[in-house]
Structures are given as C-alpha cells and as structure tokens.
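Have a look at upload_12.cif below; it lists mmCIF, C-alpha atoms.
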data_target
loop_
_atom_site.label_atom_id
_atom_site.label_comp_id
_atom_site.auth_asym_id
_atom_site.auth_seq_id
_atom_site.Cartn_x
_atom_site.Cartn_y
_atom_site.Cartn_z
CA MET A 1 109.82 66.74 121.42
CA THR A 2 108.65 67.29 117.87
CA ASP A 3 111.02 69.47 115.88
CA LEU A 4 109.09 72.73 115.68
CA THR A 5 111.18 73.97 112.77
CA LYS A 6 109.62 71.28 110.59
CA GLN A 7 106.11 72.51 111.29
CA LYS A 8 104.22 75.22 109.48
CA CYS A 9 101.96 77.84 111.01
CA GLU A 10 98.30 77.12 110.60
CA ALA A 11 95.69 79.80 110.05
CA CYS A 12 94.84 81.25 113.43
CA THR A 13 91.16 81.95 114.06
CA ILE A 14 89.61 83.67 117.06
CA ASP A 15 88.50 80.31 118.43
CA ALA A 16 91.92 78.68 117.98
CA PRO A 17 93.35 77.16 121.16
CA LEU A 18 95.82 78.93 123.40
CA VAL A 19 98.75 76.71 124.35
CA ASP A 20 98.12 75.33 127.84
CA LYS A 21 100.40 77.13 130.32
CA LYS A 22 101.39 73.74 131.72
CA ARG A 23 103.27 73.13 128.46
CA PHE A 24 105.31 76.36 128.56
CA ALA A 25 108.30 74.92 130.43
CA GLU A 26 108.52 71.90 128.12
CA LEU A 27 108.26 74.04 124.99
CA LEU A 28 110.83 76.55 126.21
CA LYS A 29 113.39 73.79 126.78
CA ASP A 30 114.28 73.75 123.11
CA LEU A 31 114.14 77.52 122.69
CA ASP A 32 117.45 78.76 124.01
CA GLY A 33 117.21 82.20 125.58
CA TRP A 34 113.50 82.64 124.91
CA GLU A 35 111.22 83.62 127.74
CA ILE A 36 107.52 84.18 128.16
CA ILE A 37 106.74 87.63 129.48
CA TYR A 38 103.34 88.84 130.55
CA GLU A 39 102.20 92.21 129.25
CA ASP A 40 98.41 91.89 129.57
CA ILE A 41 98.87 88.76 127.47
CA ASN A 42 101.64 86.16 127.28
CA ILE A 43 104.36 86.99 124.77
CA LEU A 44 107.29 84.84 123.62
CA SER A 45 110.34 87.08 123.64
CA LYS A 46 114.07 87.03 122.98
CA THR A 47 116.67 89.75 122.54
CA TYR A 48 119.63 88.91 120.29
CA SER A 49 122.89 90.84 120.54
CA PHE A 50 125.11 91.92 117.66
CA ASP A 51 128.44 93.67 117.48
CA ASN A 52 127.66 95.43 114.23
CA TYR A 53 124.60 97.06 112.69
CA GLU A 54 124.71 95.27 109.36
CA ASP A 55 124.21 91.84 110.91
CA SER A 56 121.35 93.04 113.07
CA VAL A 57 119.58 94.59 110.06
CA LYS A 58 120.06 91.38 108.06
CA PHE A 59 118.62 89.34 110.92
CA ALA A 60 115.62 91.67 111.23
CA THR A 61 114.88 91.44 107.51
CA ASP A 62 115.30 87.65 107.60
CA ILE A 63 112.69 87.50 110.36
CA ALA A 64 110.40 89.69 108.25
CA LYS A 65 110.78 87.21 105.37
CA LEU A 66 109.96 84.33 107.73
CA ALA A 67 106.90 86.29 108.89
CA GLU A 68 105.66 86.58 105.33
CA ASP A 69 106.33 82.89 104.63
CA GLU A 70 104.37 81.88 107.71
CA ASP A 71 101.77 84.67 107.39
CA HIS A 72 102.40 85.38 111.06
CA HIS A 73 104.00 88.65 112.04
CA PRO A 74 106.01 89.39 115.17
CA SER A 75 107.17 92.56 116.82
CA ILE A 76 110.78 93.28 115.79
CA LEU A 77 112.65 95.97 117.71
CA LEU A 78 115.89 96.92 115.96
CA GLU A 79 118.45 99.04 117.76
CA TRP A 80 122.22 99.33 117.42
CA GLY A 81 123.59 96.11 118.90
CA SER A 82 120.33 94.28 119.38
CA VAL A 83 117.18 92.84 117.87
CA ARG A 84 114.29 91.97 120.18
CA VAL A 85 111.79 89.56 118.65
CA GLN A 86 108.37 88.92 120.16
CA TRP A 87 105.79 86.44 118.96
CA TRP A 88 102.19 86.20 120.07
CA SER A 89 98.83 85.64 118.44
CA HIS A 90 96.72 88.78 118.28
CA LYS A 91 93.48 87.00 117.46
CA ILE A 92 93.52 84.80 120.56
CA LYS A 93 95.38 87.30 122.76
CA GLY A 94 98.13 84.95 123.78
CA LEU A 95 100.32 82.09 122.67
CA HIS A 96 99.29 79.69 119.93
CA MET A 97 101.47 76.79 118.84
CA ASN A 98 102.31 79.00 115.81
CA ASP A 99 104.31 81.27 118.12
CA PHE A 100 106.54 78.47 119.36
CA ILE A 101 107.02 77.26 115.78
CA CYS A 102 108.05 80.76 114.69
CA ALA A 103 110.40 81.18 117.65
CA ALA A 104 112.09 77.90 116.71
CA LYS A 105 112.38 79.05 113.10
CA THR A 106 113.76 82.42 114.23
CA GLU A 107 116.58 80.50 115.93
CA THR A 108 117.52 78.87 112.62
CA LEU A 109 118.12 82.32 111.09
CA ILE A 110 121.09 82.88 113.37
CA SER A 111 124.20 80.97 112.38
CA MET B 1 113.78 127.46 109.34
CA THR B 2 116.83 125.78 107.88
CA ASP B 3 115.99 122.68 105.86
CA LEU B 4 117.12 119.90 108.17
CA THR B 5 117.21 117.38 105.35
CA LYS B 6 120.15 119.23 103.84
CA GLN B 7 122.20 118.88 107.00
CA LYS B 8 124.40 115.98 107.97
CA CYS B 9 124.78 114.47 111.42
CA GLU B 10 127.93 115.50 113.17
CA ALA B 11 129.90 113.21 115.45
CA CYS B 12 128.21 113.26 118.83
CA THR B 13 130.52 113.38 121.84
CA ILE B 14 129.56 113.14 125.51
CA ASP B 15 130.00 116.89 125.88
CA ALA B 16 127.92 117.74 122.80
CA PRO B 17 125.03 120.11 123.48
CA LEU B 18 121.47 118.96 124.10
CA VAL B 19 118.96 120.94 122.07
CA ASP B 20 117.42 123.60 124.32
CA LYS B 21 113.86 122.56 125.23
CA LYS B 22 112.70 126.04 124.29
CA ARG B 23 113.42 125.12 120.65
CA PHE B 24 111.35 121.91 120.66
CA ALA B 25 108.07 123.50 119.49
CA GLU B 26 109.79 125.37 116.65
CA LEU B 27 111.68 122.28 115.50
CA LEU B 28 108.57 120.07 115.65
CA LYS B 29 106.66 122.44 113.38
CA ASP B 30 108.30 120.97 110.30
CA LEU B 31 108.15 117.40 111.53
CA ASP B 32 104.61 116.28 110.80
CA GLY B 33 103.33 113.76 113.32
CA TRP B 34 106.52 113.63 115.36
CA GLU B 35 106.35 114.10 119.10
CA ILE B 36 108.81 114.27 121.93
CA ILE B 37 108.09 111.72 124.60
CA TYR B 38 109.84 111.49 127.92
CA GLU B 39 111.06 108.08 129.06
CA ASP B 40 113.80 109.03 131.54
CA ILE B 41 115.20 111.05 128.63
CA ASN B 42 113.58 112.97 125.78
CA ILE B 43 112.97 110.89 122.67
CA LEU B 44 111.77 112.01 119.24
CA SER B 45 109.11 109.53 118.16
CA LYS B 46 106.67 108.81 115.34
CA THR B 47 104.59 105.78 114.42
CA TYR B 48 103.89 105.29 110.71
CA SER B 49 100.96 103.15 109.56
CA PHE B 50 100.94 100.78 106.60
CA ASP B 51 98.27 98.62 105.04
CA ASN B 52 100.68 95.92 103.97
CA TYR B 53 103.75 94.28 105.47
CA GLU B 54 106.03 94.64 102.46
CA ASP B 55 105.91 98.44 102.54
CA SER B 56 106.56 98.55 106.27
CA VAL B 57 109.59 96.26 105.92
CA LYS B 58 110.94 98.39 103.07
CA PHE B 59 110.52 101.53 105.16
CA ALA B 60 112.27 99.93 108.14
CA THR B 61 115.22 98.86 105.98
CA ASP B 62 115.40 102.30 104.35
CA ILE B 63 115.64 103.84 107.82
CA ALA B 64 118.42 101.37 108.65
CA LYS B 65 120.31 102.53 105.53
CA LEU B 66 119.84 106.15 106.58
CA ALA B 67 121.15 105.22 110.03
CA GLU B 68 124.31 103.79 108.51
CA ASP B 69 124.77 106.82 106.23
CA GLU B 70 124.45 109.18 109.17
CA ASP B 71 126.25 106.87 111.63
CA HIS B 72 123.35 107.50 114.00
CA HIS B 73 121.05 104.64 114.89
CA PRO B 74 117.43 104.86 116.01
CA SER B 75 115.06 102.40 117.59
CA ILE B 76 112.86 100.85 114.88
CA LEU B 77 109.84 98.84 116.00
CA LEU B 78 108.34 96.87 113.13
CA GLU B 79 104.95 95.22 113.54
CA TRP B 80 102.25 94.31 111.05
CA GLY B 81 100.73 97.61 109.98
CA SER B 82 103.17 99.93 111.66
CA VAL B 83 106.73 101.13 112.09
CA ARG B 84 107.58 103.19 115.16
CA VAL B 85 110.81 105.19 114.79
CA GLN B 86 112.54 106.81 117.74
CA TRP B 87 115.62 109.01 117.61
CA TRP B 88 117.68 110.15 120.57
CA SER B 89 121.36 110.53 121.36
CA HIS B 90 122.64 107.91 123.75
CA LYS B 91 125.88 109.68 124.58
CA ILE B 92 124.22 112.84 125.82
CA LYS B 93 121.06 111.13 127.09
CA GLY B 94 118.62 113.26 125.17
CA LEU B 95 118.06 115.17 121.96
CA HIS B 96 120.92 116.49 119.86
CA MET B 97 120.35 118.42 116.64
CA ASN B 98 121.30 115.16 114.89
CA ASP B 99 118.01 113.65 116.04
CA PHE B 100 115.92 116.37 114.43
CA ILE B 101 117.99 116.07 111.25
CA CYS B 102 117.41 112.30 111.16
CA ALA B 103 113.67 112.68 111.85
CA ALA B 104 113.44 115.11 108.92
CA LYS B 105 115.36 112.64 106.72
CA THR B 106 113.10 109.80 107.87
CA GLU B 107 110.15 111.79 106.52
CA THR B 108 111.77 111.92 103.08
CA LEU B 109 111.78 108.11 102.94
CA ILE B 110 107.99 108.02 102.83
CA SER B 111 106.56 108.97 99.47
#

Could you spell out this file's structure in structure tokens?
Amino acid sequence: MTDLTKQKCEACTIDAPLVDKKRFAELLKDLDGWEIIYEDINILSKTYSFDNYEDSVKFATDIAKLAEDEDHHPSILLEWGSVRVQWWSHKIKGLHMNDFICAAKTETLIS
Amino acid sequence: MTDLTKQKCEACTIDAPLVDKKRFAELLKDLDGWEIIYEDINILSKTYSFDNYEDSVKFATDIAKLAEDEDHHPSILLEWGSVRVQWWSHKIKGLHMNDFICAAKTETLIS
C-alpha cells in the first residue's frame, strides 16, 4: 500500500469522505498495534507502554508537535507507564484518511 | 486551611491513609473547579479549557514536570481546547493528601 507517512493531512471539511469501513482491515495491516474502537463514532486507537515517565512525556509532546504540523489534533492520554493516542475527525464524526496518515506518523515517533 | 501548595508529597505506601470522605467538601473549597468523581475509586478531577493548542500543550508538560518533582503522576488527557487532569493514589486505591496537594499545585501552573 501507499506509504502513509509520506502523505500530508488535507483540510477536513464537514462534507469530507469517511474512509469506507471495508478498507479498515487493509489500512490497519501496516499500523502495528492500532485498533479501531467504536465509541459512538469510530476511533483509531493505540496505547504505548513505557518503563519511565520521561520517555512517555517526550513521546506525548512529540505527538503534539506532529498534531500542530498536520493541523490535526488527537486525544493523548498520558499516565505513568503509558500513552494512549486516539485519532478521529471531529468534523465528519469518524475516520478520515487523515487519521490513518497521522497514526502512521505517530509510529515513526517511536524508535 | 493550610496552604496545600506549600506542602510536599510524601512517599505513599500501601498502608498510607485515605483522606476521610468527611474532609472532601472542606478540601475542595480551595480547589476551584475541581470535583471528586467515582470510577471504582475516588478521583480528583478538573478539565481546563484553552483557546489554542500551544497553551494546552505547555500546561500538560508543566503538569508532567510537577509530577516528576513530586514523584506522583496523574492522568493527563490532552485534546484540542482542553486538558483534563486527574489525581489519585494507585497504591491505596483512592485519595491521599498527596492528591489534594498536587491539585493545588496544578492550579498554580495556570496564570
């Protein structure tokens, strides 16, 4: 499939297309550990584990920088030992291609 | 009441005392906008609003620094426009005085 990390988020309008659910399995193949959970809307979610706080804080702030670069902002839940990241598109109440792009780029922040 | 911001978290052991529920109302008086929610255990929670992402990220990272200074780590949920902070004490499954101290110190990070 196309390397999502090479793509850039496009401006999301209220009439932008939701990703067809039939594509979810294919898109998740390259997103190790990511899952789509349903909480009124579909959300792309992953929880990363850390064995120290410093690394988890750095990861969370790196995601925040990515969010600003892409002008697309996820939910980041920082606790000791973990960072849960969730991407979805508020305007269209579900998953836009932007969310899969940002999940792929989130993966690149972990080395 | 004693100024909580002048106190320091003490090491929390599994036999440390939970704060007596009878003191909750008194302790919350000086914690503007904080509430105690019950999710299997009592949690001290507040959601702060922001009109830009940069300020919310700075606040979240300032809380993370406070957490390291106090060696007590909250749940920080960062989204566009808001930061939800939740303090509780894992070891004693509820609220220790440390949590009220850290909530008071969280307030000082907002100016």

Tell me which of B:Leu4, B:Ile76, B:Ile41, B:Ile63 sits closest to chain A, counting all atoms listed in the file.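 So, comparing all the options, the nearest one is B:Ile76.
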
Just fit chain B onto chain A on all the Cα atoms, in order, by least squares, and give it as a compact mmCIF listing (two decimals) with C-alpha atoms, in the coordinates of the input.
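Produced file result-v7.txt, reproduced below:
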# COMPACT_ATOMS: atom_id res chain seq x y z
CA MET B 1 109.81 66.69 121.42
CA THR B 2 108.65 67.26 117.87
CA ASP B 3 111.00 69.46 115.87
CA LEU B 4 109.08 72.71 115.68
CA THR B 5 111.15 73.95 112.77
CA LYS B 6 109.60 71.28 110.58
CA GLN B 7 106.09 72.50 111.30
CA LYS B 8 104.21 75.21 109.48
CA CYS B 9 101.95 77.83 111.01
CA GLU B 10 98.30 77.10 110.60
CA ALA B 11 95.68 79.78 110.04
CA CYS B 12 94.83 81.24 113.42
CA THR B 13 91.15 81.93 114.05
CA ILE B 14 89.60 83.66 117.06
CA ASP B 15 88.50 80.30 118.44
CA ALA B 16 91.91 78.66 117.98
CA PRO B 17 93.35 77.15 121.15
CA LEU B 18 95.83 78.94 123.39
CA VAL B 19 98.75 76.71 124.34
CA ASP B 20 98.13 75.34 127.84
CA LYS B 21 100.41 77.13 130.32
CA LYS B 22 101.40 73.75 131.71
CA ARG B 23 103.28 73.13 128.44
CA PHE B 24 105.30 76.36 128.56
CA ALA B 25 108.32 74.93 130.43
CA GLU B 26 108.54 71.91 128.11
CA LEU B 27 108.26 74.04 124.98
CA LEU B 28 110.85 76.56 126.22
CA LYS B 29 113.40 73.81 126.78
CA ASP B 30 114.30 73.77 123.10
CA LEU B 31 114.15 77.52 122.69
CA ASP B 32 117.47 78.77 124.01
CA GLY B 33 117.21 82.21 125.59
CA TRP B 34 113.51 82.64 124.91
CA GLU B 35 111.21 83.64 127.73
CA ILE B 36 107.52 84.20 128.16
CA ILE B 37 106.74 87.64 129.47
CA TYR B 38 103.35 88.85 130.53
CA GLU B 39 102.18 92.23 129.26
CA ASP B 40 98.39 91.90 129.57
CA ILE B 41 98.87 88.76 127.47
CA ASN B 42 101.64 86.16 127.27
CA ILE B 43 104.36 86.99 124.77
CA LEU B 44 107.28 84.84 123.62
CA SER B 45 110.34 87.09 123.64
CA LYS B 46 114.09 87.03 122.99
CA THR B 47 116.68 89.75 122.55
CA TYR B 48 119.63 88.91 120.29
CA SER B 49 122.89 90.85 120.56
CA PHE B 50 125.11 91.92 117.67
CA ASP B 51 128.44 93.68 117.49
CA ASN B 52 127.66 95.42 114.23
CA TYR B 53 124.60 97.05 112.70
CA GLU B 54 124.71 95.27 109.35
CA ASP B 55 124.22 91.84 110.90
CA SER B 56 121.35 93.05 113.07
CA VAL B 57 119.59 94.59 110.06
CA LYS B 58 120.05 91.38 108.07
CA PHE B 59 118.61 89.34 110.93
CA ALA B 60 115.62 91.68 111.24
CA THR B 61 114.89 91.44 107.51
CA ASP B 62 115.29 87.65 107.58
CA ILE B 63 112.70 87.51 110.36
CA ALA B 64 110.41 89.69 108.25
CA LYS B 65 110.77 87.19 105.37
CA LEU B 66 109.95 84.33 107.73
CA ALA B 67 106.91 86.30 108.90
CA GLU B 68 105.66 86.59 105.34
CA ASP B 69 106.32 82.90 104.63
CA GLU B 70 104.37 81.88 107.71
CA ASP B 71 101.78 84.67 107.38
CA HIS B 72 102.40 85.39 111.06
CA HIS B 73 104.00 88.66 112.04
CA PRO B 74 106.02 89.39 115.17
CA SER B 75 107.18 92.57 116.82
CA ILE B 76 110.78 93.28 115.79
CA LEU B 77 112.66 95.97 117.71
CA LEU B 78 115.90 96.91 115.97
CA GLU B 79 118.46 99.05 117.77
CA TRP B 80 122.22 99.33 117.44
CA GLY B 81 123.59 96.12 118.91
CA SER B 82 120.34 94.28 119.38
CA VAL B 83 117.18 92.84 117.87
CA ARG B 84 114.30 91.98 120.19
CA VAL B 85 111.79 89.56 118.65
CA GLN B 86 108.38 88.94 120.17
CA TRP B 87 105.80 86.44 118.96
CA TRP B 88 102.20 86.22 120.09
CA SER B 89 98.84 85.65 118.45
CA HIS B 90 96.73 88.77 118.28
CA LYS B 91 93.48 87.00 117.46
CA ILE B 92 93.52 84.80 120.53
CA LYS B 93 95.37 87.29 122.75
CA GLY B 94 98.14 84.96 123.78
CA LEU B 95 100.32 82.09 122.67
CA HIS B 96 99.28 79.69 119.94
CA MET B 97 101.48 76.79 118.83
CA ASN B 98 102.32 78.99 115.83
CA ASP B 99 104.31 81.27 118.12
CA PHE B 100 106.54 78.46 119.37
CA ILE B 101 107.01 77.25 115.79
CA CYS B 102 108.04 80.76 114.68
CA ALA B 103 110.41 81.19 117.65
CA ALA B 104 112.09 77.90 116.72
CA LYS B 105 112.36 79.07 113.09
CA THR B 106 113.76 82.42 114.23
CA GLU B 107 116.58 80.50 115.93
CA THR B 108 117.50 78.87 112.62
CA LEU B 109 118.12 82.30 111.09
CA ILE B 110 121.09 82.88 113.37
CA SER B 111 124.17 80.95 112.35

Please report as CSV every residue of chain A lying within 9 Å of chain B, along with the nearest atom pair and their distance in Å (one decimal), using only C-alpha atoms.
residue,atom,partner,partner_atom,distance
A:Tyr53,CA,B:Glu68,CA,7.9
A:Glu54,CA,B:Glu68,CA,8.6
A:Val57,CA,B:Ala64,CA,7.0
A:Ala60,CA,B:Thr61,CA,8.9
A:Thr61,CA,B:Val57,CA,7.3
A:Ala64,CA,B:Val57,CA,7.0
A:Glu68,CA,B:Tyr53,CA,7.9
A:His72,CA,B:Trp80,CA,8.9
A:His73,CA,B:Trp80,CA,6.0
A:Pro74,CA,B:Glu79,CA,6.1
A:Ser75,CA,B:Glu79,CA,4.8
A:Ile76,CA,B:Leu78,CA,5.1
A:Leu77,CA,B:Leu77,CA,4.4
A:Leu78,CA,B:Ile76,CA,5.1
A:Glu79,CA,B:Ser75,CA,4.8
A:Trp80,CA,B:His73,CA,6.0

Could you tell me which residues the PyMOL selection byres ((chain A and resi 23) around 12) grabs in this file, written as a VMD selection string? chain A and resid 1 18 to 22 24 to 29 36 95 to 97 100

Selection file, C-alpha atoms, as a short mmCIF file (atom, residue, chain, number, x, y, z; two decimals), in the frame of the given file:
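Final output, result08.cif:
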data_model
loop_
_atom_site.label_atom_id
_atom_site.label_comp_id
_atom_site.auth_asym_id
_atom_site.auth_seq_id
_atom_site.Cartn_x
_atom_site.Cartn_y
_atom_site.Cartn_z
CA MET A 1 109.82 66.74 121.42
CA LEU A 18 95.82 78.93 123.40
CA VAL A 19 98.75 76.71 124.35
CA ASP A 20 98.12 75.33 127.84
CA LYS A 21 100.40 77.13 130.32
CA LYS A 22 101.39 73.74 131.72
CA PHE A 24 105.31 76.36 128.56
CA ALA A 25 108.30 74.92 130.43
CA GLU A 26 108.52 71.90 128.12
CA LEU A 27 108.26 74.04 124.99
CA LEU A 28 110.83 76.55 126.21
CA LYS A 29 113.39 73.79 126.78
CA ILE A 36 107.52 84.18 128.16
CA LEU A 95 100.32 82.09 122.67
CA HIS A 96 99.29 79.69 119.93
CA MET A 97 101.47 76.79 118.84
CA PHE A 100 106.54 78.47 119.36
#

Which value, in Å to one decimal, gives the distance between atom CA of Leu109 of chain B and atom CA of Ala11 of chain B?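 For atom CA of Leu109 of chain B relative to atom CA of Ala11 of chain B, the distance reads 22.6 Å.
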
For Glu39 of chain A, work out the shell of residues within 12 Å, counting all atoms listed in the file and skipping chain neighbours fewer than 2 positions away, then give it as an NGL selection string. :A and (36-37 or 41-45 or 86 or 88 or 93-94)

Next, the residues of the selection above should be written as a short mmCIF file (atom, residue, chain, number, x, y, z; two decimals), in the coordinates of the input with C-alpha atoms.
data_model
loop_
_atom_site.label_atom_id
_atom_site.label_comp_id
_atom_site.auth_asym_id
_atom_site.auth_seq_id
_atom_site.Cartn_x
_atom_site.Cartn_y
_atom_site.Cartn_z
CA ILE A 36 107.52 84.18 128.16
CA ILE A 37 106.74 87.63 129.48
CA ILE A 41 98.87 88.76 127.47
CA ASN A 42 101.64 86.16 127.28
CA ILE A 43 104.36 86.99 124.77
CA LEU A 44 107.29 84.84 123.62
CA SER A 45 110.34 87.08 123.64
CA GLN A 86 108.37 88.92 120.16
CA TRP A 88 102.19 86.20 120.07
CA LYS A 93 95.38 87.30 122.76
CA GLY A 94 98.13 84.95 123.78
#

Atom-to-atom span, atom CA of Lys8 of chain A and atom CA of Cys102 of chain A, Å: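 Interatomic distance here is 8.5 Å.
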
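Counting from atom CA of Ala16 of chain B, the distance to atom CA of Lys91 of chain B is 8.5 Å.
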
Selected residue, from B:Asp71, B:Asn98, B:His90, B:Thr13, that lies nearest to Asp40 of chain B when counting only C-alpha atoms: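 For Asp40 of chain B, the nearest of the given residues is B:His90.
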
Using the chain letters and residue numbers of this document, give as number ranges by chain the residues selected by the PyMOL selection byres ((chain B and resi 6) around 10). B: 2-5, 7-8, 101, 104-105
